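Structure data follow from start28.cif (mmCIF, C-alpha atoms):
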data_target
#
loop_
_atom_site.label_atom_id
_atom_site.label_comp_id
_atom_site.auth_asym_id
_atom_site.auth_seq_id
_atom_site.Cartn_x
_atom_site.Cartn_y
_atom_site.Cartn_z
CA MET A 163 284.71 64.43 181.57
CA VAL A 164 281.68 62.46 182.65
CA ALA A 165 281.10 59.90 185.34
CA ILE A 166 278.60 57.05 185.26
CA VAL A 167 275.59 59.28 185.78
CA PRO A 168 271.79 59.25 185.54
CA VAL A 169 270.04 58.93 182.19
CA VAL A 170 269.08 62.61 182.12
CA VAL A 171 272.74 63.64 182.10
CA VAL A 172 273.51 61.17 179.34
CA LEU A 173 270.66 62.66 177.32
CA LEU A 174 272.10 66.14 177.81
CA LEU A 175 275.45 64.92 176.51
CA VAL A 176 273.77 63.43 173.45
CA VAL A 177 272.00 66.73 172.76
CA ALA A 178 275.29 68.62 173.06
CA ALA A 179 276.98 66.21 170.68
CA VAL A 180 274.15 66.57 168.15
CA LEU A 181 274.38 70.34 168.27
CA VAL A 182 278.08 70.25 167.50
CA TRP A 183 277.52 67.67 164.74
CA ARG A 184 274.81 69.80 163.16
CA SER A 185 277.13 72.81 163.06
CA ALA A 186 280.00 70.89 161.53
CA SER A 187 279.14 71.94 157.99
CA ALA A 188 278.42 75.55 158.88
CA THR A 189 280.96 78.35 158.62
CA VAL A 190 282.16 79.68 161.95
CA THR A 191 282.50 83.46 161.91
CA PRO A 192 284.46 84.62 164.95
CA SER A 193 284.20 88.26 165.97
CA GLY A 194 287.23 90.35 166.84
CA ALA A 195 290.59 91.22 165.35
CA ILE A 196 292.14 88.03 166.74
CA HIS A 197 290.32 84.77 166.05
CA TYR A 198 290.74 82.09 168.73
CA LEU A 199 289.49 78.52 168.33
CA ALA A 200 289.30 76.37 171.49
CA LEU A 201 288.98 72.60 170.99
CA GLY A 202 288.33 70.07 173.75
CA ASP A 203 285.92 68.57 176.23
CA SER A 204 284.39 69.61 179.56
CA TYR A 205 287.60 71.29 180.65
CA THR A 206 287.41 73.63 177.66
CA ILE A 207 283.68 74.37 177.68
CA GLY A 208 283.69 74.93 181.45
CA THR A 209 281.32 72.26 182.70
CA ALA A 210 279.81 73.24 186.07
CA VAL A 211 280.95 76.89 185.80
CA GLY A 212 279.87 77.96 182.31
CA ALA A 213 281.66 78.59 179.02
CA ASN A 214 282.15 82.29 179.73
CA ARG A 215 284.06 81.40 182.91
CA SER A 216 286.25 78.66 181.49
CA PHE A 217 289.92 79.10 180.64
CA PRO A 218 289.62 80.16 176.94
CA PRO A 219 287.83 83.49 177.62
CA ARG A 220 290.21 84.14 180.50
CA LEU A 221 293.17 83.56 178.19
CA ALA A 222 291.51 85.75 175.55
CA ARG A 223 291.19 88.64 178.02
CA GLN A 224 294.91 88.47 178.75
CA LEU A 225 295.64 88.55 175.03
CA GLU A 226 293.32 91.53 174.58
CA THR A 227 295.06 93.43 177.37
CA ALA A 228 298.50 92.72 175.93
CA THR A 229 297.67 93.55 172.31
CA GLY A 230 294.88 96.10 172.60
CA LYS A 231 292.92 94.05 170.06
CA GLN A 232 289.55 92.38 170.46
CA VAL A 233 289.71 88.59 170.64
CA GLY A 234 286.80 86.59 169.27
CA VAL A 235 286.56 83.15 170.90
CA VAL A 236 284.87 80.15 169.30
CA ASN A 237 284.72 77.45 171.99
CA LEU A 238 283.77 74.03 170.60
CA GLY A 239 284.42 72.02 173.76
CA VAL A 240 281.74 69.44 174.63
CA ASN A 241 281.31 67.64 177.93
CA GLY A 242 282.27 63.97 177.67
CA TYR A 243 284.15 64.22 174.38
CA THR A 244 287.05 61.92 173.52
CA THR A 245 289.71 62.44 170.87
CA ALA A 246 287.50 60.47 168.46
CA ASN A 247 284.60 62.85 169.07
CA LEU A 248 286.87 65.84 168.58
CA ILE A 249 288.13 64.44 165.27
CA ARG A 250 284.60 63.88 164.05
CA ASP A 251 282.85 67.04 165.25
CA GLU A 252 285.39 69.74 166.14
CA LEU A 253 288.41 69.24 163.92
CA PRO A 254 286.54 70.11 160.67
CA HIS A 255 286.08 73.65 162.02
CA VAL A 256 289.82 74.27 161.71
CA ARG A 257 289.06 74.98 158.04
CA ASP A 258 286.16 77.35 158.77
CA ALA A 259 288.21 80.52 159.27
CA ARG A 260 291.71 81.95 159.33
CA TRP A 261 292.44 81.31 162.98
CA ASP A 262 295.11 83.28 164.82
CA VAL A 263 295.20 81.09 167.94
CA ILE A 264 294.13 77.50 168.58
CA THR A 265 294.23 75.59 171.86
CA VAL A 266 293.46 71.90 172.31
CA LEU A 267 292.97 70.06 175.60
CA ILE A 268 291.64 66.54 175.09
CA GLY A 269 292.05 63.06 176.48
CA VAL A 270 290.56 62.70 179.95
CA ASN A 271 287.54 60.87 178.55
CA ASP A 272 289.80 58.58 176.55
CA TYR A 273 291.40 57.68 179.87
CA VAL A 274 288.19 57.18 181.88
CA GLN A 275 286.61 55.16 179.06
CA GLY A 276 289.54 52.75 179.13
CA ARG A 277 291.23 53.57 175.84
CA SER A 278 294.86 52.49 175.72
CA GLU A 279 297.82 54.84 175.51
CA GLY A 280 298.41 53.55 171.99
CA GLU A 281 294.86 54.40 170.92
CA TYR A 282 295.19 57.83 172.49
CA ARG A 283 298.47 58.39 170.66
CA THR A 284 296.98 57.46 167.30
CA SER A 285 294.04 59.86 167.69
CA LEU A 286 296.17 62.64 169.12
CA ARG A 287 298.65 62.32 166.26
CA ARG A 288 295.85 62.84 163.75
CA ILE A 289 294.62 65.91 165.63
CA TYR A 290 298.03 67.50 165.99
CA ASP A 291 299.01 66.80 162.39
CA GLU A 292 295.80 68.47 161.20
CA LEU A 293 296.44 71.49 163.40
CA ARG A 294 299.99 71.76 162.15
CA ARG A 295 298.70 71.79 158.57
CA ALA A 296 296.47 74.75 159.43
CA GLY A 297 299.56 76.87 158.76
CA LEU A 298 299.53 79.12 161.83
CA PRO A 299 302.82 80.74 162.88
CA GLN A 300 304.97 78.87 165.37
CA GLY A 301 303.50 78.95 168.87
CA LYS A 302 299.97 79.91 167.87
CA VAL A 303 298.64 76.34 168.19
CA ILE A 304 298.98 75.23 171.80
CA ALA A 305 298.69 71.65 173.08
CA ILE A 306 297.64 71.54 176.73
CA SER A 307 298.16 68.65 179.12
CA LEU A 308 295.46 66.86 181.05
CA PRO A 309 294.90 68.22 184.56
CA ASP A 310 294.62 65.97 187.60
CA PHE A 311 291.17 65.10 188.94
CA SER A 312 292.29 62.20 191.19
CA TYR A 313 291.93 64.23 194.40
CA THR A 314 288.43 65.57 193.69
CA PRO A 315 285.47 64.40 195.80
CA ALA A 316 283.89 62.68 192.80
CA GLY A 317 287.17 61.30 191.51
CA SER A 318 286.70 58.03 193.37
CA SER A 319 284.02 57.13 190.83
CA PHE A 320 286.86 56.38 188.41
CA GLY A 321 289.24 54.43 190.66
CA SER A 322 291.76 55.01 193.40
CA PRO A 323 293.48 58.41 193.50
CA ALA A 324 296.92 56.83 193.03
CA GLU A 325 295.74 54.82 190.04
CA ILE A 326 294.11 57.83 188.41
CA GLU A 327 297.11 60.09 188.97
CA THR A 328 299.47 57.50 187.48
CA GLY A 329 297.22 56.95 184.48
CA LEU A 330 296.85 60.64 183.75
CA ARG A 331 300.59 61.18 184.01
CA ARG A 332 301.14 58.40 181.48
CA PHE A 333 298.63 59.95 179.09
CA ASN A 334 300.41 63.28 179.48
CA VAL A 335 303.70 61.68 178.44
CA VAL A 336 301.97 60.59 175.23
CA ASN A 337 300.50 64.06 174.83
CA GLN A 338 303.86 65.78 175.22
CA GLU A 339 305.60 63.38 172.85
CA GLU A 340 303.00 63.86 170.13
CA ALA A 341 303.05 67.63 170.51
CA ALA A 342 306.83 67.60 170.14
CA ARG A 343 306.58 65.36 167.09
CA ALA A 344 304.15 67.81 165.47
CA GLY A 345 306.26 70.81 166.43
CA LEU A 346 303.59 72.27 168.73
CA PRO A 347 304.29 73.93 172.09
CA PHE A 348 303.08 71.86 175.02
CA VAL A 349 301.84 73.58 178.17
CA ASP A 350 301.68 71.32 181.23
CA ILE A 351 298.91 72.28 183.67
CA PHE A 352 299.02 69.04 185.67
CA GLU A 353 300.90 70.42 188.66
CA VAL A 354 298.99 73.69 188.45
CA SER A 355 295.76 71.70 188.85
CA ARG A 356 297.17 70.25 192.09
CA SER A 357 298.73 73.42 193.44
CA ARG A 358 295.87 74.73 195.61
CA ILE A 359 293.91 71.63 196.57
CA GLY A 360 291.32 72.52 199.22
CA SER A 361 291.34 76.25 198.56
CA PRO A 362 288.05 78.11 197.91
CA GLY A 363 286.79 77.90 194.34
CA TRP A 364 289.31 75.28 193.33
CA ILE A 365 286.70 72.59 192.60
CA ALA A 366 283.30 73.30 191.04
CA ALA A 367 280.04 72.52 192.79
CA ASP A 368 279.77 69.15 191.04
CA GLY A 369 282.80 67.92 193.01
CA LEU A 370 284.66 66.89 189.87
CA HIS A 371 285.42 69.72 187.49
CA PRO A 372 287.72 72.69 188.12
CA GLY A 373 286.25 75.75 189.76
CA GLU A 374 286.82 79.32 188.66
CA ALA A 375 289.94 79.80 190.76
CA GLN A 376 291.56 76.77 189.18
CA LEU A 377 290.52 77.77 185.67
CA GLN A 378 292.07 81.20 186.20
CA SER A 379 295.29 79.54 187.32
CA TRP A 380 295.29 77.45 184.13
CA ALA A 381 294.79 80.56 182.01
CA ASP A 382 297.57 82.39 183.86
CA HIS A 383 299.96 79.47 183.39
CA ILE A 384 299.12 79.06 179.70
CA TRP A 385 299.57 82.80 179.19
CA ASP A 386 302.91 82.89 181.00
CA ALA A 387 304.19 79.95 178.94
CA SER A 388 302.87 81.26 175.61
CA ARG A 389 302.85 85.05 175.91
CA THR A 390 305.80 85.75 173.60
CA ASP A 391 304.41 83.67 170.74
CA LEU A 392 300.81 84.82 171.21
CA ILE A 393 301.59 88.53 170.98
CA ALA A 394 304.01 88.11 168.08
CA PRO A 395 302.69 89.35 164.68
#

Step by step, read the file and then write its structure as structure tokens.
Amino acid sequence: MVAIVPVVVVLLLVVAAVLVWRSASATVTPSGAIHYLALGDSYTIGTAVGANRSFPPRLARQLETATGKQVGVVNLGVNGYTTANLIRDELPHVRDARWDVITVLIGVNDYVQGRSEGEYRTSLRRIYDELRRAGLPQGKVIAISLPDFSYTPAGSSFGSPAEIETGLRRFNVVNQEEAARAGLPFVDIFEVSRSRIGSPGWIAADGLHPGEAQLQSWADHIWDASRTDLIAP
């Protein structure tokens, strides 16, 4: 997610987008016995805390502990990305390897950029249908809800807290419906993201993105909801 920010930040986002675009034709070679592909935006790449502290590596460590196998994580999340960006730059990588686990968390930038629920649904349907066609066993492709950022110090840049919360909840209804239509498990982290407001480490230093404590809570919740399917052969 991005706010209306100085030009230097916009330039950084452009550079990040170009790097992902340039790698779109290259083969991704994940390391480890279990190959995990994480698709998304700032919430996936760990803006303000770092990719190695975001939720995908935390989830991977839980999977490693449970299975005794090394998990290689390819995290393609890019700050500021919408569903359209993901379709263009990240979705082609689904065909780069035989993935064992895929997570996708996308849509907050669709919301803050004013895309309609119908537009979000159309893009999300394309993403989920493509992931379904990847042929992974049931439960290995996980759709994740949008978290809530309405209460964050920088959240007021996007509107009133009540308006933001309502809008995100509506987008999550679309998300859950499209996941169900595609036969994908849907893990709702919305209430988890609100569960420890004000506690240390809950919000990152930028006042907008989740801090490490919150990201760990997301990973724990996703693991608890998906554990049986993720450790299945």

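The result of the PyMOL selection byres ((chain A and resi 370) around 8) on the shown file is Phe311, Thr314, Pro315, Ala316, Gly317, Ile365, Ala366, Ala367, Asp368, Gly369, His371 and Pro372 of chain A.
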
Can you write just those residues out, C-alpha atoms, as a compact mmCIF listing (two decimals), in the frame of the given file?
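Contents of out38.txt, freshly written:
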# COMPACT_ATOMS: atom_id res chain seq x y z
CA PHE A 311 291.17 65.10 188.94
CA THR A 314 288.43 65.57 193.69
CA PRO A 315 285.47 64.40 195.80
CA ALA A 316 283.89 62.68 192.80
CA GLY A 317 287.17 61.30 191.51
CA ILE A 365 286.70 72.59 192.60
CA ALA A 366 283.30 73.30 191.04
CA ALA A 367 280.04 72.52 192.79
CA ASP A 368 279.77 69.15 191.04
CA GLY A 369 282.80 67.92 193.01
CA HIS A 371 285.42 69.72 187.49
CA PRO A 372 287.72 72.69 188.12

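Put simply, the PyMOL selection byres ((chain A and resi 380) around 10) in this file takes in Ser216, Phe217, Pro218, Arg220, Leu221, Ile306, Pro309, Val349, Asp350, Ile351, Phe352, Val354, Ser355, Pro372, Glu374, Ala375, Gln376, Leu377, Gln378, Ser379, Ala381, Asp382, His383, Ile384, Trp385 and Asp386 of chain A.
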
Practice prompt. May I have the protein, DNA and RNA residues with any atom at most 7 Å from the point (278.1, 73.7, 174.0), counting all atoms listed in the file, written as an MDAnalysis selection string?
Written response: chainID A and resid 178 207 238:240

Discussion item. If we count all atoms listed in the file and set the cut-off at 8 Å, which residues sit around range 291-303 of chain A, ignoring sequence neighbours fewer than 3 positions away in its own chain? Please answer as number ranges by chain.
Written reply: A: 253, 256-257, 261-266, 287-288, 344-347, 388, 391-392

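Residues within 7 Å of range 241-245 of chain A, counting all atoms listed in the file and excluding same-chain residues fewer than 2 positions away, are Met163, Val164, Leu175, Asp203, Ser204, Thr209, Gly239, Asn247, Leu248, Ile249, Ile268, Gly269, Asn271, Asp272, Ser285 and Leu286 of chain A.
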
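A straight line drawn from CA of Val274 in chain A to CA of Leu308 in chain A is 12.1 Å long.
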
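Across the model, the gap from CA of Ala213 in chain A to CA of Phe333 in chain A is 25.2 Å.
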
Practice prompt. For the structure provided, state which residues fall under the PyMOL selection byres ((chain A and resi 192) around 8), and present them as a list in words.
Written response: Val190, Thr191, Ser193, Gly194, His197, Tyr198, Gly234, Val235, Val236 and Ala259 of chain A

Fill in: Pairwise distance for CA of Ala222 in chain A and CA of Leu201 in chain A, rounded to one decimal in Å
14.1 Å

Item to complete: Show me as an MDAnalysis selection string the residues that reach within 8 Å of (300.3, 66.9, 171.1), counting all atoms listed in the file and using the file's own coordinates.
Response: chainID A and resid 286:287 289:290 305:306 336:344 346 348

Response to the item:
Among A:Val211, A:Ser318, A:Arg250, A:Ala228, Trp364 in chain A is approached most closely, using all atoms listed in the file, by A:Val211

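If you measure from each of A:Tyr313, A:Ser322, A:Leu225, A:Arg283 to Gly360 in chain A using all atoms listed in the file, the closest one turns out to be A:Tyr313.
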